[in-house]
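Heads up, the thing below is written out as structure tokens.
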Amino acid sequence: MATINVAGKDIEVDEEGYLVNRADWNEEVAKIMAKGDNCDLTDSHWEVINFLREYYEEYQIAPAVRVLTKAIGKKLGADKGNSKYLYELFPYGPAKQACKYAGLPKPTGCV
Amino acid sequence: MANFETPPLTEFMEVPPVIPGTMEHSSPYIAKPEIQAPLAYPGQLVENWEQKAVFKLGELVKSNRALQVFLDTCVKCGACTDKCHYYLGTSDPKNMPVARQDLLRSVYRRYYTLAGKLFPKLVGARDMTKSVLDEWYSYFHQCSQCRRCSVYCPYGIDTAEVSMAAREIMDSVGQGQKYCNEIIGKVFKIGNNLGLPEPALVNTLEGLEEDVKEATGVDVKFPVDVKGADVLLITPSADFFAEPHIDGLIGYAKVFHQAGISWTLSSYASEAANFSMFIGSRHNLKKQAMRIREAALELGVKRIVVGECGHAWRVAYSFWNTLVGPFDFLDRNYPVPQHICEFTYDLIQKDALRFDKEANDDKVVTFHDSCNVARASRMGNMPGGQFVIPRAVIKASVNKFVDMAPDTIGEATFCCGGGGGLLTDDLLELRVKGSLPRMQALKQVVDEHGVTHVAAICAICKAQFSKILPYYKFPMDMIQSVHGLVSNAIRLDRKEI
């Protein structure tokens with residue numbers, strides 16, 4: 001089983017780098033994962049990550065891309081409520097890359 | 001992730017020279033025991049798996065006459081060799097359909113033909129070994145089961161059937177593919193590929209009602225679990241989640257609204273896709289499809305309409321009746337099942353819908369025929385309806401439509417590169433390279449006719465295009481849902497129906 005080292009502790013991840021146990025998540029985990037992708041997490045990234053975690057807490061699934069863009073648009077202004085903005089933040093795709101940093105499972109299916 | 005180069009787009013598609021072994025490293029993640037369990041497959045390679053695999057092959061050949069004919073009849077004429085998009089995009093000769101079939105055929109010959117039992121080397125017969133299994137696992141996950149090769153085979157040999165059989169054999173001895181099998185497990189547990197639970201579904205749909213109201217001023221509903229509705233809509237769960245899929249869902253809702261036909265989604269059967277077909281698993285195929293029958297009975301609907309999903313339409317159109325039928329409880333005045341394009345087309349024919357095509361005047365649109373719709377089903381009551389009807393729906397919604405080259409559309413359509421259970425990041429190299437012929441045809445209409453958008457009626461195609469278009473320097477949002485175009489143009493009455 002693959003692991004990532006966060007503050008001296010080995011944390012289990014799956015083949016694609018997603019957390020195996022959601023409870024292992026903390027902000028440090030997100031930073032280490034992002035670093036692995038050469039991505040520095042800014043406040044804008046955290047807005048998305050935190051929204052994903054809140055939504056998941058309530059619904060046990062990541063939000064639809066449209067739900068996410070709408071929420072970000074409301075919070076940060078209409079110019080940021082679109083997938084272009086999210087893809088700039090998360091070039092591997094907001095749903096997958098942001099879910100990974102947020103410690104959530106990868107969305108599956110035809111997405 | 002392996003580094004690879006995107007193949008260049010040239011002036012026209014050339015058949016590449018053979019380069020053996022270029023894709024032998026490509027292999028998807030293997031399913032863990034907890035992913036195998038809900039599908040009733042062993043968690044890992046079982047003891048004596050070689051004998052068990054051979055036995056399973058014998059069982060499949062005995063129960064599936066077509067498979068036996070496909071394994072027995074190939075005369076190595078070579079007609080299929082340049083027809084597979086994965087061969088054209090990778091140059092790997094094992095991606096020639098005949099070579100792919102031979103991976104399984106060689107084992108079949110060894111154990112089930114006299115010549116193969118007596119003189120294996122003379123007839124290309126091979127023992128079932130670990131290296132054969134590894135090769136199967138790699139190359140049967142480089143077939144999107146698109147059936148293009150079968151169109152050109154003089155005997156009609158269907159490589160998809162061979163690839164499904166191989167995957168079923170591997171699953172039955174404990175080597176399954178993570179991507180497909182995890183998804184099938186989610187359907188059993190939650191009702192859809194995404195694992196979208198009912199409260200999240202309801203929340204998403206409420207959000208869409210707000211959005212449409214805001215954009216149009218009209219109260220278009222997205223109902224769930226409404227008993228007594230006329231129509232049950234079965235659509236891929238990507239329609240609730242991804243772009244541009246969700247625009248298609250909004251389009252369906254507007255069509256239902258405007259037609260004044262009551263409809264509902266089901267939170268229990270919230271998935272049209274049936275990935276059990278990709279892994280050739282009849283018992284799981286049936287178990288998945290049964291949810292739809294149960295939901296239709298529970299909700300007491302009169303009709304079932306299927307949303308934009310390629311292989312789901314094959315399962316619905318070609319298999320539902322024998323798998324989970326009869327559907328004698330539905331209204332026989334309508335096709336059982338009916339495709340959403342057929343549904344919209346009929347309303348257009350009756351003059352029941354009005355369109356402002358100018359809403360799509362920023363687009364020059366082409367249509368990508370999805371393989372399972374094109375080659376494994378029909379639509380409407382005319383031959384070739386599956387090609388005519390979606391195009392008619394598009395043309396009703398847009399002013400500027402152009403088809404791609406004739407040998408890349410219709411029955412000859414090229415796969416998007418992500419079908420058949422290969423739409424996963426661990427196969428990204430294959431997906432990018434395999435989309436080459438489609439991208440080539442697209443480039444031609446972009447260059448010659450200024451095409452700006454490509455529309456599709458399959459959730460896999462849409463997700464695949466979104467991912468791979470940028471590799472070929474096309475914008476990601478070039479891909480559209482057919483009913484997304486409908487949604488832009490359909491005229492909505494402001495008064496409540």
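Chain labels A, B, ... are given in the sequence in which chains occur in the structure tokens; within each chain residues are numbered consecutively from 1, and ligands are likewise numbered from 1 in the order shown.
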> What residues in chain B lie within 9 Å of chain A, counting only C-alpha atoms, written as an NGL selection string?
Replying inline: :B and (29 or 179-180 or 182-183 or 192-200 or 203-204 or 207-208 or 236-238 or 240-243 or 245-246 or 273 or 423-426 or 459-464 or 467)
How about saving the chosen residues, N, CA and C atoms kept, as a CSV table (one decimal), in the first residue's frame?
```csv
chain,number,residue,atom,x,y,z
B,29,TYR,N,-5.4,-0.4,-13.2
B,29,TYR,CA,-5.3,-0.9,-11.8
B,29,TYR,C,-6.2,-2.1,-11.6
B,179,TYR,N,-11.5,0.2,-12.1
B,179,TYR,CA,-12.4,1.3,-12.6
B,179,TYR,C,-13.8,0.7,-12.7
B,180,CYS,N,-14.0,-0.3,-13.6
B,180,CYS,CA,-15.4,-0.8,-13.9
B,180,CYS,C,-16.0,-1.4,-12.6
B,182,GLU,N,-15.4,-1.1,-9.4
B,182,GLU,CA,-15.8,-0.2,-8.3
B,182,GLU,C,-17.1,0.5,-8.6
B,183,ILE,N,-17.2,0.9,-9.8
B,183,ILE,CA,-18.4,1.6,-10.3
B,183,ILE,C,-19.7,0.7,-10.2
B,192,ASN,N,-26.1,4.5,-8.4
B,192,ASN,CA,-25.5,5.1,-9.6
B,192,ASN,C,-24.0,5.0,-9.6
B,193,ASN,N,-23.4,5.2,-10.7
B,193,ASN,CA,-21.9,5.1,-10.9
B,193,ASN,C,-21.1,6.1,-10.0
B,194,LEU,N,-21.7,7.2,-9.8
B,194,LEU,CA,-21.0,8.3,-9.0
B,194,LEU,C,-21.0,8.0,-7.5
B,195,GLY,N,-22.0,7.2,-7.1
B,195,GLY,CA,-22.2,7.1,-5.6
B,195,GLY,C,-22.9,8.3,-5.1
B,196,LEU,N,-23.8,8.9,-5.9
B,196,LEU,CA,-24.5,10.1,-5.5
B,196,LEU,C,-25.8,9.7,-4.7
B,197,PRO,N,-25.8,10.0,-3.4
B,197,PRO,CA,-26.9,9.5,-2.6
B,197,PRO,C,-28.1,10.4,-2.9
B,198,GLU,N,-29.3,10.0,-2.5
B,198,GLU,CA,-30.6,10.7,-2.8
B,198,GLU,C,-30.5,12.2,-2.3
B,199,PRO,N,-30.1,12.5,-1.1
B,199,PRO,CA,-30.1,13.9,-0.7
B,199,PRO,C,-29.3,14.8,-1.6
B,200,ALA,N,-28.1,14.2,-2.0
B,200,ALA,CA,-27.3,15.0,-2.9
B,200,ALA,C,-27.9,15.2,-4.3
B,203,ASN,N,-30.6,17.8,-3.9
B,203,ASN,CA,-30.0,19.1,-3.8
B,203,ASN,C,-29.5,19.7,-5.1
B,204,THR,N,-28.9,18.8,-5.9
B,204,THR,CA,-28.4,19.2,-7.2
B,204,THR,C,-29.5,19.6,-8.1
B,207,GLY,N,-31.0,22.9,-7.3
B,207,GLY,CA,-30.1,23.9,-7.8
B,207,GLY,C,-30.4,24.2,-9.2
B,208,LEU,N,-30.6,23.2,-10.0
B,208,LEU,CA,-30.9,23.3,-11.4
B,208,LEU,C,-32.2,24.1,-11.7
B,236,PRO,N,-27.6,8.7,-17.5
B,236,PRO,CA,-26.3,8.5,-16.8
B,236,PRO,C,-26.1,9.5,-15.6
B,237,SER,N,-25.6,9.0,-14.5
B,237,SER,CA,-25.4,9.9,-13.4
B,237,SER,C,-24.5,11.1,-13.6
B,238,ALA,N,-23.6,10.9,-14.7
B,238,ALA,CA,-22.7,12.0,-15.0
B,238,ALA,C,-23.6,13.2,-15.4
B,240,PHE,N,-25.9,14.4,-13.8
B,240,PHE,CA,-26.1,15.2,-12.5
B,240,PHE,C,-24.9,15.9,-12.1
B,241,PHE,N,-23.8,15.6,-12.7
B,241,PHE,CA,-22.5,16.0,-12.1
B,241,PHE,C,-21.6,16.8,-12.9
B,242,ALA,N,-21.4,16.3,-14.2
B,242,ALA,CA,-20.3,16.8,-15.0
B,242,ALA,C,-20.7,17.8,-16.0
B,243,GLU,N,-19.7,18.5,-16.6
B,243,GLU,CA,-19.9,19.4,-17.8
B,243,GLU,C,-19.4,18.7,-19.0
B,245,HIS,N,-22.4,17.4,-19.6
B,245,HIS,CA,-23.5,16.5,-19.4
B,245,HIS,C,-24.8,17.2,-18.8
B,246,ILE,N,-24.5,18.0,-17.8
B,246,ILE,CA,-25.6,18.6,-17.1
B,246,ILE,C,-26.5,19.5,-18.0
B,273,ALA,N,-26.2,3.9,-17.1
B,273,ALA,CA,-25.0,3.1,-17.5
B,273,ALA,C,-25.1,1.7,-16.9
B,423,LEU,N,-12.4,4.6,-19.5
B,423,LEU,CA,-12.4,6.1,-19.2
B,423,LEU,C,-11.8,6.4,-17.8
B,424,THR,N,-10.5,6.0,-17.6
B,424,THR,CA,-9.9,6.1,-16.3
B,424,THR,C,-8.5,6.7,-16.5
B,425,ASP,N,-8.1,7.5,-15.5
B,425,ASP,CA,-6.8,8.2,-15.6
B,425,ASP,C,-5.6,7.2,-15.8
B,426,ASP,N,-5.8,6.0,-15.2
B,426,ASP,CA,-4.6,5.1,-15.4
B,426,ASP,C,-4.5,4.6,-16.8
B,459,ALA,N,-22.3,9.8,-22.3
B,459,ALA,CA,-21.6,10.5,-21.2
B,459,ALA,C,-20.1,10.2,-21.2
B,460,ILE,N,-19.8,9.0,-21.7
B,460,ILE,CA,-18.4,8.6,-21.8
B,460,ILE,C,-17.7,9.5,-22.8
B,461,CYS,N,-18.3,9.6,-24.0
B,461,CYS,CA,-17.7,10.4,-25.0
B,461,CYS,C,-17.5,11.9,-24.5
B,462,LYS,N,-18.5,12.4,-23.8
B,462,LYS,CA,-18.4,13.8,-23.4
B,462,LYS,C,-17.3,14.0,-22.4
B,463,ALA,N,-17.2,13.0,-21.4
B,463,ALA,CA,-16.1,13.1,-20.5
B,463,ALA,C,-14.7,12.9,-21.1
B,464,GLN,N,-14.7,12.0,-22.0
B,464,GLN,CA,-13.4,11.7,-22.8
B,464,GLN,C,-13.0,12.9,-23.6
B,467,LYS,N,-11.6,15.7,-21.6
B,467,LYS,CA,-10.2,15.5,-21.1
B,467,LYS,C,-9.2,15.5,-22.3
```
>> Excluding range 44-49 of chain A and its own-chain neighbours fewer than 2 positions away, which residues fall within 8 Å of it when counting only C-alpha atoms? Please give them as a VMD selection string.
In response: chain A and resid 41 to 42 51 to 53 68 72 89 98 to 99 101 to 102
>> Which residues are close to Cys415 in chain B, i.e. within 9 Å by only C-alpha atoms, leaving aside same-chain residues fewer than 5 positions away? Reply as a ChimeraX atom specification.
In response: /B:84-85,144,146,148,368-371,434-435,437-438,461
Selected residues written out, C-alpha atoms, as a CSV table (one decimal), in the first residue's frame:
```csv
chain,number,residue,atom,x,y,z
B,84,CYS,CA,-9.0,0.0,-34.8
B,85,HIS,CA,-8.4,3.5,-33.4
B,144,SER,CA,-13.2,-0.1,-26.2
B,146,CYS,CA,-16.6,-0.1,-30.2
B,148,ARG,CA,-15.8,-0.8,-35.7
B,368,HIS,CA,-19.8,12.5,-33.1
B,369,ASP,CA,-21.7,9.2,-33.5
B,370,SER,CA,-21.1,7.2,-30.4
B,371,CYS,CA,-20.2,3.6,-31.1
B,434,GLY,CA,-6.7,6.2,-29.3
B,435,SER,CA,-8.7,9.4,-30.0
B,437,PRO,CA,-8.6,9.2,-35.7
B,438,ARG,CA,-11.5,11.1,-34.2
B,461,CYS,CA,-17.7,10.4,-25.0
```
> Using only C-alpha atoms, which residue out of B:Val123, B:Ile157, B:Ala259, B:Val187 lies closest to Gln68 in chain B?
Replying inline: B:Ile157
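Between CA of Ala374 in chain B and CA of Gly410 in chain B the interatomic distance comes to 6.1 Å.
Computed from the coordinates, the CA of Thr344 in chain B to CA of His483 in chain B distance equals 9.1 Å.
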> DSSP says strand (DSSP E or B) for which residues of chain A? Put them as number ranges by chain?
Replying inline: A: 3-6, 9-13, 19
>> What parts of range 15-87 of chain A does DSSP call alpha helix (DSSP H)? I'd like the answer as a ChimeraX atom specification.
In response: /A:27-36,43-59,65-76,83-87
May I have the residues from that selection written out with C-alpha atoms, as a compact mmCIF listing (two decimals), in the first residue's frame?
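Ended up saving to out_12.txt:
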```txt
# COMPACT_ATOMS: atom_id res chain seq x y z
CA GLU A 27 -4.24 20.82 6.13
CA GLU A 28 -0.70 19.53 6.10
CA VAL A 29 -1.86 16.49 4.10
CA ALA A 30 -3.39 18.76 1.47
CA LYS A 31 -0.20 20.81 1.25
CA ILE A 32 2.02 17.74 0.83
CA MET A 33 -0.26 16.30 -1.85
CA ALA A 34 -0.29 19.60 -3.72
CA LYS A 35 3.47 19.88 -3.46
CA GLY A 36 3.70 16.47 -5.14
CA ASP A 43 -6.27 31.11 -0.36
CA SER A 44 -8.21 30.58 -3.58
CA HIS A 45 -7.40 26.87 -3.51
CA TRP A 46 -8.46 26.67 0.11
CA GLU A 47 -11.83 28.26 -0.65
CA VAL A 48 -12.53 25.36 -3.00
CA ILE A 49 -11.07 22.68 -0.75
CA ASN A 50 -13.02 23.90 2.26
CA PHE A 51 -16.26 24.06 0.29
CA LEU A 52 -15.75 20.52 -0.97
CA ARG A 53 -15.18 19.27 2.57
CA GLU A 54 -18.27 21.03 3.90
CA TYR A 55 -20.41 19.70 1.07
CA TYR A 56 -19.07 16.19 1.50
CA GLU A 57 -19.76 16.36 5.24
CA GLU A 58 -23.42 17.04 4.47
CA TYR A 59 -24.01 14.91 1.37
CA VAL A 65 -19.15 20.92 -10.96
CA ARG A 66 -22.04 23.32 -11.45
CA VAL A 67 -22.87 23.38 -7.72
CA LEU A 68 -19.22 24.11 -7.00
CA THR A 69 -18.90 26.92 -9.53
CA LYS A 70 -22.10 28.51 -8.28
CA ALA A 71 -20.94 28.39 -4.66
CA ILE A 72 -17.53 29.82 -5.52
CA GLY A 73 -19.18 32.52 -7.63
CA LYS A 74 -21.37 33.53 -4.69
CA LYS A 75 -18.40 33.63 -2.34
CA LEU A 76 -15.69 35.15 -4.50
CA SER A 83 -15.10 26.19 -14.64
CA LYS A 84 -12.38 28.16 -16.40
CA TYR A 85 -11.38 29.72 -13.10
CA LEU A 86 -11.47 26.34 -11.38
CA TYR A 87 -9.35 24.72 -14.08
```
>> Please list as a PyMOL selection string every residue within 12 Å of His25 in chain B, counting only C-alpha atoms and excluding residues in the same chain fewer than 6 positions away.
In response: chain B and resi 1-4+92+134-135+137-139+141-142+426-427+429-430
>> When you count only C-alpha atoms, which of these residues is closest to Thr3 in chain A: A:Glu88, A:Asp40, A:Asp79, A:Asp24?
In response: A:Asp24
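Taking CA of Ala316 in chain B and CA of Glu59 in chain B as the two end points, the separation is 25.7 Å.
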>> Please list as a PyMOL selection string every residue within 12 Å of Glu34 in chain B, counting only C-alpha atoms and excluding residues in the same chain fewer than 5 positions away.
In response: chain B and resi 39-44+174+176+178+181-182+185-186
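You can rank B:Pro335, B:Gly325, B:Gly124, B:Gly156 by their closest distance to Val305 in chain B using only C-alpha atoms, and at the top of that list sits B:Pro335.
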> Skipping near chain neighbours, those fewer than 5 positions away, what residues fall within 7 Å of Tyr18 in chain A using only C-alpha atoms, listed as a list in words?
Replying inline: Val13, Lys100, Gly103, Pro105 and Lys106 of chain A
>> Would you pick out the contacts of Glu294 in chain B at 10 Å or less, using only C-alpha atoms, so that residues sharing its chain but fewer than 6 positions from it are not included, and give the list as a PyMOL selection string?
In response: chain B and resi 268-269+300+324
